[in-house]
file run17.tsv (TSV, C-alpha atoms)
chain	number	residue	atom	x	y	z
W	22	MET	CA	124.88	28.66	-48.79
W	23	ALA	CA	125.82	29.86	-45.33
W	24	GLN	CA	125.97	26.41	-43.75
W	25	PRO	CA	126.90	22.85	-44.66
W	26	PHE	CA	124.53	21.27	-47.15
W	27	THR	CA	121.78	18.83	-46.26
W	28	LEU	CA	118.56	17.55	-47.77
W	29	ASN	CA	117.20	16.78	-44.31
W	30	LYS	CA	114.58	19.42	-43.50
W	31	ASN	CA	114.77	18.46	-39.81
W	32	VAL	CA	118.31	19.80	-39.57
W	33	LYS	CA	117.88	23.39	-38.42
W	34	PRO	CA	121.27	24.71	-37.32
W	35	VAL	CA	121.47	27.50	-34.77
W	36	LEU	CA	123.43	30.54	-35.91
W	37	LEU	CA	126.14	31.45	-33.41
W	38	ASN	CA	126.10	35.24	-33.50
W	39	LEU	CA	129.51	36.85	-33.33
W	40	ILE	CA	129.73	39.98	-31.21
W	41	PRO	CA	132.71	42.34	-30.76
W	42	TYR	CA	135.44	41.14	-28.41
W	43	THR	CA	137.89	43.56	-26.81
W	44	ALA	CA	140.95	41.85	-25.39
W	45	LYS	CA	143.53	43.10	-22.90
W	46	ASP	CA	146.08	42.75	-25.67
W	47	THR	CA	144.66	44.71	-28.62
W	48	ILE	CA	146.24	42.28	-31.07
W	49	LEU	CA	143.65	39.76	-29.93
W	50	ASN	CA	140.65	42.01	-30.56
W	51	GLY	CA	138.06	40.47	-32.78
W	52	LYS	CA	134.67	38.80	-32.43
W	53	LYS	CA	133.37	36.17	-30.08
W	54	ASN	CA	130.48	33.92	-29.29
W	55	THR	CA	129.97	32.06	-26.04
W	56	THR	CA	127.07	29.67	-25.92
W	57	ASP	CA	125.90	27.51	-23.02
W	58	VAL	CA	123.96	24.47	-24.11
W	59	VAL	CA	121.78	21.90	-22.41
W	60	GLN	CA	121.25	19.30	-25.12
W	61	VAL	CA	118.57	16.65	-24.92
W	62	GLU	CA	118.43	15.66	-28.59
W	63	ASP	CA	120.79	13.10	-30.13
W	64	THR	CA	122.42	15.72	-32.33
W	65	SER	CA	122.62	19.50	-32.30
W	66	TYR	CA	123.70	21.69	-35.19
W	67	TYR	CA	125.26	25.15	-35.11
W	68	TYR	CA	126.94	27.36	-37.66
W	69	VAL	CA	129.11	30.46	-37.80
W	70	LYS	CA	129.11	32.79	-40.80
W	71	GLY	CA	130.77	35.95	-42.08
W	72	LEU	CA	134.38	34.75	-41.94
W	73	SER	CA	137.31	35.77	-44.10
W	74	ILE	CA	140.17	33.46	-45.05
W	75	TYR	CA	142.50	36.08	-43.52
W	76	GLN	CA	140.94	35.77	-40.05
W	77	PRO	CA	142.17	33.20	-37.50
W	78	VAL	CA	139.43	31.13	-35.85
W	79	VAL	CA	139.64	29.38	-32.49
W	80	LEU	CA	136.79	27.03	-31.59
W	81	ASN	CA	136.67	25.63	-28.07
W	82	ILE	CA	134.06	23.25	-26.70
W	83	SER	CA	134.16	22.27	-23.05
W	84	SER	CA	132.11	20.48	-20.45
W	85	THR	CA	132.39	20.26	-16.68
W	86	ASP	CA	131.38	16.62	-17.01
W	87	VAL	CA	134.70	14.98	-17.90
W	88	ASN	CA	132.89	11.71	-18.60
W	89	ASN	CA	130.94	13.40	-21.33
W	90	LYS	CA	131.66	11.29	-24.41
W	91	MET	CA	130.06	13.59	-26.94
W	92	ILE	CA	131.37	13.62	-30.50
W	93	ILE	CA	132.14	16.94	-32.19
W	94	GLN	CA	132.17	17.25	-35.97
W	95	ILE	CA	133.10	20.35	-37.92
W	96	ALA	CA	131.91	20.53	-41.50
W	97	LYS	CA	132.46	22.96	-44.32
W	98	ASP	CA	130.41	21.73	-47.28
W	99	ASN	CA	128.24	18.88	-46.07
W	100	TRP	CA	127.21	17.67	-42.60
W	101	LYS	CA	127.77	14.10	-43.75
W	102	THR	CA	131.42	14.70	-44.68
W	103	PRO	CA	132.97	16.44	-41.64
W	104	ASP	CA	136.41	18.03	-41.98
W	105	LYS	CA	137.30	17.60	-38.31
W	106	ILE	CA	136.08	15.03	-35.80
W	107	GLY	CA	136.94	15.05	-32.10
W	108	SER	CA	135.86	14.43	-28.55
W	109	LEU	CA	136.64	16.05	-25.20
W	110	ASN	CA	140.02	15.31	-23.62
W	111	SER	CA	140.53	14.21	-20.03
W	112	LYS	CA	140.06	17.83	-18.91
W	113	GLY	CA	136.74	18.05	-20.73
W	114	ILE	CA	138.02	20.29	-23.54
W	115	TRP	CA	138.17	20.06	-27.32
W	116	GLN	CA	139.78	22.84	-29.34
W	117	ALA	CA	140.51	23.57	-32.99
W	118	THR	CA	142.30	26.43	-34.75
W	119	PHE	CA	141.83	27.10	-38.44
W	120	LYS	CA	140.98	29.66	-41.09
W	121	THR	CA	138.11	29.48	-43.51
W	122	GLU	CA	136.15	31.64	-45.92
W	123	GLY	CA	132.44	32.19	-45.36
W	124	SER	CA	131.02	29.77	-42.82
W	125	PHE	CA	131.38	26.45	-41.06
W	126	GLY	CA	129.09	24.08	-39.20
W	127	ILE	CA	129.40	22.40	-35.80
W	128	GLN	CA	127.61	19.14	-35.05
W	129	VAL	CA	127.47	17.79	-31.50
W	130	ILE	CA	126.40	14.15	-31.13
W	131	ALA	CA	125.38	13.12	-27.61
W	132	PRO	CA	125.80	9.53	-26.45
W	133	LYS	CA	123.28	9.99	-23.63
W	134	LYS	CA	120.28	12.17	-22.92
W	135	THR	CA	120.94	15.61	-21.48
W	136	ILE	CA	124.49	16.85	-21.78
W	137	LYS	CA	125.73	20.29	-20.84
W	138	TYR	CA	128.56	22.07	-22.59
W	139	LYS	CA	129.93	25.47	-23.58
W	140	ILE	CA	130.88	26.56	-27.10
W	141	VAL	CA	133.36	29.42	-27.44
W	142	VAL	CA	134.21	30.87	-30.84
W	143	TRP	CA	136.84	33.56	-31.27
W	144	VAL	CA	137.56	35.16	-34.60
W	145	GLY	CA	140.49	37.55	-34.89
W	146	ASN	CA	140.21	40.82	-36.77
W	147	GLU	CA	141.47	40.71	-40.32
W	148	PRO	CA	145.01	42.13	-40.10
W	149	LYS	CA	145.59	45.38	-41.98
W	150	LYS	CA	148.73	43.96	-43.50
W	151	ILE	CA	149.45	40.33	-44.19
W	152	ASN	CA	152.73	38.70	-44.98
W	153	MET	CA	153.04	37.99	-48.66
W	154	PRO	CA	156.09	37.35	-50.80
W	155	SER	CA	157.43	40.38	-52.64
W	156	PRO	CA	156.73	40.52	-56.39
W	157	PHE	CA	160.09	42.27	-56.81
W	158	LYS	CA	163.53	40.91	-57.58
W	159	GLU	CA	166.02	41.16	-54.73
W	160	ALA	CA	168.85	43.29	-56.10
W	161	THR	CA	166.96	46.37	-57.12
W	162	ALA	CA	168.50	49.05	-54.94
W	163	ALA	CA	170.42	51.79	-56.67
W	164	PRO	CA	171.39	55.11	-55.17
W	165	SER	CA	168.76	57.66	-56.03
W	166	LYS	CA	168.33	60.22	-53.29
W	167	ALA	CA	166.66	63.03	-55.13
W	168	PRO	CA	163.90	63.08	-57.70
W	169	ALA	CA	165.26	62.65	-61.24
W	170	ALA	CA	163.74	65.99	-62.25
W	171	ALA	CA	165.57	67.82	-59.45
W	172	LYS	CA	169.01	66.46	-60.46
W	173	THR	CA	169.18	68.61	-63.62
W	174	PRO	CA	167.71	72.07	-63.43
W	175	PRO	CA	165.06	72.84	-66.05
W	176	LYS	CA	166.57	74.12	-69.30
W	177	THR	CA	164.00	76.90	-69.77
W	178	LYS	CA	165.05	78.61	-66.52
W	179	THR	CA	168.76	78.54	-67.47
W	180	THR	CA	167.96	80.08	-70.83
W	181	SER	CA	165.91	82.88	-69.35
W	182	LYS	CA	168.65	83.61	-66.77
W	183	SER	CA	171.38	83.71	-69.41
W	184	LYS	CA	169.19	85.95	-71.53
W	185	SER	CA	168.64	88.35	-68.65
W	186	LYS	CA	172.40	88.45	-67.99
W	187	LYS	CA	173.08	89.33	-71.60
W	188	GLN	CA	170.52	92.07	-71.44
Q	8	MET	CA	87.36	17.40	-9.43
Q	9	LYS	CA	88.50	14.79	-11.92
Q	10	TYR	CA	89.04	17.59	-14.43
Q	11	LEU	CA	91.13	19.58	-11.92
Q	12	ILE	CA	93.41	16.59	-11.17
Q	13	LEU	CA	93.89	16.01	-14.89
Q	14	HIS	CA	94.69	19.69	-15.38
Q	15	ILE	CA	97.29	19.74	-12.55
Q	16	GLY	CA	98.77	16.51	-13.92
Q	17	PHE	CA	99.10	18.11	-17.35
Q	18	LEU	CA	100.82	21.21	-15.88
Q	19	LEU	CA	103.29	19.02	-13.97
Q	20	PHE	CA	104.03	17.09	-17.17
Q	21	CYS	CA	104.71	20.33	-19.04
Q	22	TYR	CA	107.03	21.52	-16.26
Q	23	ALA	CA	109.01	18.27	-16.36
Q	24	ALA	CA	109.22	18.42	-20.15
Q	25	ASN	CA	110.51	21.99	-19.99
Q	26	ALA	CA	113.22	21.01	-17.53
Q	27	GLN	CA	114.49	18.47	-20.07
Q	28	ARG	CA	114.26	20.81	-23.07
Q	29	ALA	CA	117.44	21.81	-24.83
Q	30	GLY	CA	118.64	25.25	-23.86
Q	31	VAL	CA	120.91	27.41	-25.97
Q	32	VAL	CA	121.99	30.64	-24.29
Q	33	GLN	CA	124.23	32.86	-26.38
Q	34	ASN	CA	126.46	35.74	-25.32
Q	35	ALA	CA	124.71	36.23	-21.98
Q	36	ALA	CA	125.29	39.90	-21.11
Q	37	GLU	CA	125.60	39.33	-17.37
Q	38	ALA	CA	128.40	36.86	-17.97
Q	39	SER	CA	130.25	39.12	-20.40
Q	40	GLU	CA	133.30	39.71	-18.21
Q	41	ALA	CA	133.47	36.08	-17.23
Q	42	ALA	CA	133.17	35.13	-20.90
Q	43	ASN	CA	136.05	37.45	-21.80
Q	44	ALA	CA	138.18	35.88	-19.07
Q	45	ILE	CA	137.42	32.45	-20.54
Q	46	ILE	CA	138.40	33.62	-24.03
Q	47	ASP	CA	141.59	35.27	-22.70
Q	48	GLY	CA	142.47	31.93	-21.12
Q	49	ILE	CA	141.75	29.99	-24.30
Q	50	LEU	CA	143.78	32.34	-26.49
Q	51	GLY	CA	146.67	32.04	-24.06
Q	52	THR	CA	146.90	28.36	-25.00
Q	53	VAL	CA	147.12	29.01	-28.74
Q	54	PRO	CA	150.81	29.05	-29.69
Q	55	GLY	CA	152.09	31.91	-31.82
Q	56	ILE	CA	148.82	33.79	-32.00
Q	57	ILE	CA	150.34	37.00	-30.65
Q	58	SER	CA	153.80	36.65	-32.16
Q	59	GLY	CA	152.12	35.97	-35.50
Q	60	GLY	CA	150.43	39.36	-35.28
Q	61	ASN	CA	146.97	37.77	-35.12
Q	62	ALA	CA	147.35	36.74	-38.76
Q	63	ALA	CA	145.70	33.56	-39.96
Q	64	GLY	CA	148.76	32.72	-42.05
Q	65	ASP	CA	149.95	29.86	-39.85
Q	66	PHE	CA	146.48	28.46	-39.24
Q	67	PRO	CA	145.54	25.57	-41.52
Q	68	PRO	CA	142.46	25.85	-43.73
Q	69	LEU	CA	139.46	24.07	-42.18
Q	70	SER	CA	138.92	21.77	-45.12
Q	71	ALA	CA	141.74	19.89	-46.86
Q	72	GLY	CA	140.43	20.90	-50.28
Q	73	GLU	CA	139.76	24.50	-49.28
Q	74	CYS	CA	141.38	27.29	-51.23
Q	75	ALA	CA	143.92	29.36	-49.29
Q	76	PRO	CA	145.52	32.46	-50.80
Q	77	ASP	CA	148.77	31.71	-52.58
Q	78	PHE	CA	150.86	34.77	-53.37
Q	79	ASN	CA	153.86	33.02	-54.84
Q	80	GLU	CA	154.71	34.12	-58.32
Q	81	SER	CA	157.16	32.74	-60.84
Q	82	SER	CA	160.55	34.46	-60.84
Q	83	ASN	CA	160.04	35.36	-64.53
Q	84	SER	CA	157.24	37.76	-63.72
Q	85	ARG	CA	158.99	39.46	-60.79
Q	86	MET	CA	159.60	43.15	-61.22
Q	87	SER	CA	162.68	45.23	-60.60
Q	88	TYR	CA	162.98	48.81	-59.43
Q	89	GLN	CA	165.62	51.23	-58.29
Q	90	CYS	CA	165.48	52.80	-54.89
Q	91	ALA	CA	168.15	52.70	-52.20
Q	92	PRO	CA	167.00	51.84	-48.68
Q	93	GLU	CA	166.20	54.85	-46.51
Q	94	SER	CA	166.31	57.23	-49.42
Q	95	GLU	CA	163.70	59.80	-50.36
Q	96	CYS	CA	162.19	57.58	-53.03
Q	97	GLN	CA	161.06	55.00	-50.45
Q	98	ASN	CA	157.92	56.94	-49.52
Q	99	CYS	CA	156.72	57.04	-53.08
Q	100	PHE	CA	157.42	53.35	-53.68
Q	101	THR	CA	156.01	52.23	-50.32
Q	102	ASN	CA	152.65	53.90	-50.99
Q	103	ALA	CA	152.43	52.34	-54.44
Q	104	LYS	CA	153.48	48.93	-53.06
Q	105	ASP	CA	150.84	49.07	-50.30
Q	106	LYS	CA	148.13	49.74	-52.86
Q	107	MET	CA	149.48	46.94	-55.05
Q	108	ASN	CA	149.46	44.49	-52.13
Q	109	PHE	CA	145.91	45.46	-51.25
Q	110	PHE	CA	144.71	44.44	-54.70
Q	111	ARG	CA	146.83	41.27	-54.67
Q	112	ARG	CA	145.14	40.33	-51.40
Q	113	GLN	CA	141.64	41.12	-52.72
Q	114	LEU	CA	142.19	39.15	-55.91
Q	115	ALA	CA	143.44	36.13	-53.94
Q	116	ARG	CA	140.42	36.25	-51.64
Q	117	LEU	CA	138.00	36.65	-54.53
Q	118	ASN	CA	139.55	33.61	-56.17
Q	119	CYS	CA	139.16	31.59	-52.96
Q	120	ILE	CA	135.53	32.58	-52.52
Q	121	TYR	CA	134.89	31.42	-56.06
Q	122	GLN	CA	136.82	28.15	-55.74
Q	123	ASN	CA	135.19	27.29	-52.40
Q	124	THR	CA	131.69	27.99	-53.69
Q	125	LYS	CA	132.43	25.94	-56.77
Q	126	ASN	CA	133.53	23.04	-54.53
Q	127	PHE	CA	130.41	23.45	-52.39
Q	128	THR	CA	128.13	23.49	-55.43
Q	129	THR	CA	129.77	20.44	-57.02
Q	130	SER	CA	129.64	18.53	-53.76
Q	131	ALA	CA	126.01	19.51	-53.01
Q	132	VAL	CA	124.81	18.62	-56.50
Q	133	ALA	CA	126.61	15.27	-56.44
Q	134	PHE	CA	125.19	14.52	-52.98
Q	135	GLY	CA	121.65	15.50	-53.98
Q	136	ASP	CA	121.79	13.57	-57.26
Q	137	GLY	CA	122.90	10.48	-55.37
Q	138	ALA	CA	120.32	10.77	-52.61
Q	139	SER	CA	117.27	11.82	-54.63
Q	140	GLY	CA	116.66	8.61	-56.54
Q	141	VAL	CA	115.11	6.93	-53.50
Q	142	HIS	CA	111.60	8.40	-53.75
Q	143	ALA	CA	109.75	10.09	-56.61
Q	144	MET	CA	108.65	13.03	-54.45
Q	145	THR	CA	112.19	13.53	-53.18
Q	146	ALA	CA	113.41	13.59	-56.77
Q	147	ILE	CA	110.99	16.38	-57.70
Q	148	ALA	CA	111.88	18.42	-54.62
Q	149	TRP	CA	115.58	17.91	-55.34
Q	150	GLN	CA	115.25	19.14	-58.92
Q	151	ARG	CA	113.87	22.42	-57.55
Q	152	GLU	CA	116.65	22.64	-54.97
Q	153	ARG	CA	119.25	21.78	-57.61
Q	154	ALA	CA	118.03	24.59	-59.88
Q	155	LYS	CA	118.35	27.05	-56.96
Q	156	ILE	CA	121.92	25.94	-56.19
Q	157	ASN	CA	122.95	26.25	-59.83
Q	158	ALA	CA	121.29	29.66	-60.21
Q	159	SER	CA	123.14	30.88	-57.13
Q	160	PHE	CA	126.44	29.72	-58.61
Q	161	GLN	CA	125.70	31.42	-61.93
Q	162	ASN	CA	125.09	34.65	-59.98
Q	163	LEU	CA	128.44	34.24	-58.28
Q	164	LYS	CA	130.13	33.98	-61.69
Q	165	LYS	CA	128.70	37.38	-62.65
Q	166	THR	CA	129.78	38.89	-59.32
Q	167	TYR	CA	133.25	37.40	-59.74
Q	168	ASP	CA	133.66	38.94	-63.17
Q	169	THR	CA	132.56	42.37	-61.97
Q	170	ARG	CA	134.86	42.32	-58.95
Q	171	TYR	CA	137.71	40.89	-61.02
Q	172	ILE	CA	137.58	43.90	-63.36
Q	173	GLU	CA	137.43	46.27	-60.38
Q	174	PHE	CA	140.44	44.72	-58.65
Q	175	ILE	CA	142.53	44.22	-61.78
Q	176	GLN	CA	141.97	47.89	-62.68
Q	177	GLY	CA	143.02	48.82	-59.15
Q	178	LEU	CA	146.16	46.74	-59.55
Q	179	LYS	CA	146.94	48.45	-62.86
Q	180	ALA	CA	146.44	51.88	-61.26
Q	181	SER	CA	148.87	50.98	-58.45
Q	182	LEU	CA	151.42	49.75	-61.00
Q	183	MET	CA	151.06	53.02	-62.90
Q	184	GLU	CA	151.66	54.86	-59.62
Q	185	PHE	CA	154.80	52.80	-59.26
Q	186	ASP	CA	155.71	53.72	-62.82
Q	187	GLY	CA	155.37	57.38	-61.81
Q	188	CYS	CA	157.81	56.81	-58.93
Q	189	GLU	CA	160.29	55.18	-61.32
Q	190	ASN	CA	159.98	58.08	-63.74
Q	191	ARG	CA	160.67	60.46	-60.91
Q	192	TYR	CA	163.45	58.64	-59.09
Q	193	GLY	CA	164.76	55.90	-61.32
Q	194	GLN	CA	164.53	54.92	-64.95
Q	195	GLY	CA	161.77	55.79	-67.37
Q	196	ASP	CA	159.46	53.28	-69.08
Q	197	TRP	CA	159.35	51.06	-66.01
Q	198	TYR	CA	155.84	49.80	-66.76
Q	199	GLN	CA	156.76	48.82	-70.33
Q	200	LYS	CA	159.95	47.09	-69.20
Q	201	SER	CA	158.87	45.41	-65.97
Q	202	GLY	CA	155.36	46.19	-64.71
Q	203	PHE	CA	153.61	45.09	-67.88
Q	204	ILE	CA	154.81	41.45	-67.61
Q	205	TYR	CA	153.65	41.24	-64.00
Q	206	PHE	CA	150.29	42.78	-64.82
Q	207	GLU	CA	149.64	40.37	-67.69
Q	208	MET	CA	150.57	37.43	-65.47
Q	209	MET	CA	148.13	38.60	-62.75
Q	210	LYS	CA	145.38	39.21	-65.31
Q	211	GLU	CA	145.65	35.64	-66.57
Q	212	ARG	CA	146.08	34.12	-63.13
Q	213	TYR	CA	142.81	35.42	-61.74
Q	214	LYS	CA	140.72	35.39	-64.90
Q	215	ARG	CA	137.78	33.02	-64.57
Q	216	ASN	CA	138.21	30.26	-67.11
Q	217	ASP	CA	135.07	28.16	-66.71
call {"tool": "encode", "arguments": {"input": "run17.tsv", "output": "structure tokens"}}
result
Amino acid sequence: MAQPFTLNKNVKPVLLNLIPYTAKDTILNGKKNTTDVVQVEDTSYYYVKGLSIYQPVVLNISSTDVNNKMIIQIAKDNWKTPDKIGSLNSKGIWQATFKTEGSFGIQVIAPKKTIKYKIVVWVGNEPKKINMPSPFKEATAAPSKAPAAAKTPPKTKTTSKSKSKKQ
Amino acid sequence: MKYLILHIGFLLFCYAANAQRAGVVQNAAEASEAANAIIDGILGTVPGIISGGNAAGDFPPLSAGECAPDFNESSNSRMSYQCAPESECQNCFTNAKDKMNFFRRQLARLNCIYQNTKNFTTSAVAFGDGASGVHAMTAIAWQRERAKINASFQNLKKTYDTRYIEFIQGLKASLMEFDGCENRYGQGDWYQKSGFIYFEMMKERYKRND
């Protein structure tokens, strides 16, 4: 189940392999895929897998041909019910940011034969800590600087000392 | 001679066909630096990605119906503890809290994996059932496919239950560590008074009920 569902055996999506990405700013380290495509079919299918819901995903598709009217569809469960649909802007770029668990599929529909474009996928590393609401009530602070055990000296020691004094 | 002309003609045809063939070139090594520069540029256009600490928190889920971790809990199950800021007890409590948060995060993710797969399975089965009535052969092939999808989901249920026990036990252990901190620095019986209610709530929240 690593790609959107289909009964069409002719749909054979290409896996976009994620490889390590080291950024200038270490906070942006993660994984990447850059793919250059020359498409001659009506529709091309790709998919990305191995994602965690805690990782940010940036998907960028661009073409030097600004008149390229290709349609981009991103699907999670089924190719026929895309979750995002878009086309290139006047600069020849389409971009989406999202998070998802597992995998997602990319479908590129070409209006004319032979289109060239670049797919860039960036996936951030899963942060070590994530912001989550505290399960504690607010007013919980009370002064307690030393361990409870250290506040009162152990009784056994006092007894032995007093005994030794008596002796 | 005729054969030779035909042969050359065939080679030229193949060459032309190749020129038109779709090409997919991934992660070309020679363009690695250029590719990184492109990605740097793209990430520079994403607002808040650095200030957000690279966390996916502000990014929307891809699918509208997709499960995203929800850590909000009812105020009734919130716990209390005693430790003044910047006091010696903080170390003890911070370690226990970090462990607790780790298991909260794992449980939330496990739940999302399960919910998303359940959605996928339901949607795939409904789609297949609807599409398979067209041709008898398709219907037979679909029944086989359907059985595979359902078997895969049944496997996930088993995996969920195993991981659920593992994570819930981890959560309990971290709460007991917290209890130890309370015994040492605050009041005794913390788990019985406060931790227990939270633990029971979490146990119910992530228990598979289908």
call {"tool": "closest_residue", "arguments": {"input": "run17.tsv", "among": "W:Gly107, W:Gly123, W:Gly145, W:Pro41", "to": "Gly71 in chain W", "atoms": "only C-alpha atoms"}}
result
W:Gly123
call {"tool": "atom_distance", "arguments": {"input": "run17.tsv", "atom1": "CA of Asn216 in chain Q", "atom2": "CA of Ile172 in chain Q"}}
result
14.2 Å
call {"tool": "interface_residues", "arguments": {"input": "run17.tsv", "of": "chain Q", "to": "chain W", "cutoff": "6 Å", "atoms": "all atoms listed in the file", "output": "list of chain:residue names"}}
result
Q:Ala29, Q:Gly30, Q:Val31, Q:Val32, Q:Gln33, Q:Asn34, Q:Ala63, Q:Phe66, Q:Pro67, Q:Pro68, Q:Leu69, Q:Ser70, Q:Arg85, Q:Met86, Q:Ser87, Q:Tyr88, Q:Gln89, Q:Cys90, Q:Ala91, Q:Ser94, Q:Glu95, Q:Phe127, Q:Arg191, Q:Tyr192
call {"tool": "atom_distance", "arguments": {"input": "run17.tsv", "atom1": "CA of Thr52 in chain Q", "atom2": "CA of Gly113 in chain W"}}
result
15.1 Å
call {"tool": "residues_around", "arguments": {"input": "run17.tsv", "residues": "Asp186 in chain Q", "least_positions_apart": "6", "cutoff": "9 Å", "atoms": "all atoms listed in the file", "output": "NGL selection string"}}
result
:Q and (195-198 or 202)
call {"tool": "residues_around", "arguments": {"input": "run17.tsv", "residues": "Phe203 in chain Q", "least_positions_apart": "6", "cutoff": "10 Å", "atoms": "all atoms listed in the file", "output": "ChimeraX atom specification"}}
result
/Q:84,86,179,182-183,197,209
call {"tool": "atom_distance", "arguments": {"input": "run17.tsv", "atom1": "CA of Gly135 in chain Q", "atom2": "CA of Gly72 in chain Q"}}
result
19.9 Å
call {"tool": "closest_residue", "arguments": {"input": "run17.tsv", "among": "W:Thr64, W:Asn88, W:Gln24, W:Asn29", "to": "Val129 in chain W", "atoms": "all atoms listed in the file"}}
result
W:Thr64
call {"tool": "closest_residue", "arguments": {"input": "run17.tsv", "among": "Q:Cys119, Q:Phe110, Q:Glu189, Q:Gln176", "to": "Asp77 in chain Q", "atoms": "all atoms listed in the file"}}
result
Q:Cys119
call {"tool": "residues_around", "arguments": {"input": "run17.tsv", "residues": "Thr128 in chain Q", "least_positions_apart": "5", "cutoff": "12 Å", "atoms": "all atoms listed in the file", "output": "ChimeraX atom specification"}}
result
/W:22,25-26,97-99 /Q:121-123,133-136,152-161,163
call {"tool": "closest_residue", "arguments": {"input": "run17.tsv", "among": "Q:Asn43, Q:Gln194, Q:Ser181, Q:Asn83", "to": "Ala103 in chain Q", "atoms": "only C-alpha atoms"}}
result
Q:Ser181
call {"tool": "closest_residue", "arguments": {"input": "run17.tsv", "among": "W:Leu109, W:Ile127, W:Val32, W:Val69", "to": "Asn89 in chain W", "atoms": "all atoms listed in the file"}}
result
W:Leu109
call {"tool": "decode", "arguments": {"input": "run17.tsv", "residues": "range 138-155 of chain W", "atoms": "N, CA and C atoms", "output": "compact mmCIF listing (two decimals), in the first residue's frame"}}
result
# COMPACT_ATOMS: atom_id res chain seq x y z
N TYR W 138 10.17 18.86 -17.54
CA TYR W 138 9.99 19.50 -16.24
C TYR W 138 10.91 18.87 -15.19
N LYS W 139 10.98 19.55 -14.05
CA LYS W 139 11.83 19.08 -12.95
C LYS W 139 10.96 18.89 -11.70
N ILE W 140 11.13 17.76 -11.04
CA ILE W 140 10.42 17.53 -9.77
C ILE W 140 11.46 17.61 -8.66
N VAL W 141 11.17 18.41 -7.65
CA VAL W 141 12.05 18.48 -6.47
C VAL W 141 11.21 18.15 -5.24
N VAL W 142 11.67 17.17 -4.49
CA VAL W 142 11.00 16.82 -3.23
C VAL W 142 12.00 17.02 -2.11
N TRP W 143 11.59 17.74 -1.10
CA TRP W 143 12.42 17.88 0.11
C TRP W 143 11.59 17.42 1.31
N VAL W 144 12.22 16.61 2.12
CA VAL W 144 11.56 16.12 3.33
C VAL W 144 12.46 16.44 4.51
N GLY W 145 11.98 17.21 5.44
CA GLY W 145 12.78 17.58 6.61
C GLY W 145 12.98 16.40 7.54
N ASN W 146 14.06 16.44 8.31
CA ASN W 146 14.25 15.40 9.32
C ASN W 146 13.16 15.50 10.37
N GLU W 147 12.83 14.38 10.95
CA GLU W 147 11.84 14.41 12.03
C GLU W 147 12.47 15.10 13.23
N PRO W 148 11.87 16.18 13.74
CA PRO W 148 12.50 16.90 14.86
C PRO W 148 12.59 16.01 16.10
N LYS W 149 13.67 16.21 16.88
CA LYS W 149 13.82 15.39 18.08
C LYS W 149 12.71 15.69 19.08
N LYS W 150 12.37 16.96 19.15
CA LYS W 150 11.29 17.36 20.05
C LYS W 150 10.22 18.06 19.24
N ILE W 151 8.98 17.79 19.53
CA ILE W 151 7.91 18.53 18.85
C ILE W 151 7.06 19.23 19.89
N ASN W 152 6.47 20.31 19.44
CA ASN W 152 5.63 21.07 20.38
C ASN W 152 4.33 20.31 20.64
N MET W 153 4.09 20.04 21.89
CA MET W 153 2.82 19.42 22.25
C MET W 153 2.33 20.02 23.56
N PRO W 154 1.03 20.15 23.72
CA PRO W 154 0.53 20.76 24.95
C PRO W 154 0.92 19.93 26.18
N SER W 155 1.17 20.62 27.27
CA SER W 155 1.58 19.93 28.49
C SER W 155 0.40 19.16 29.10
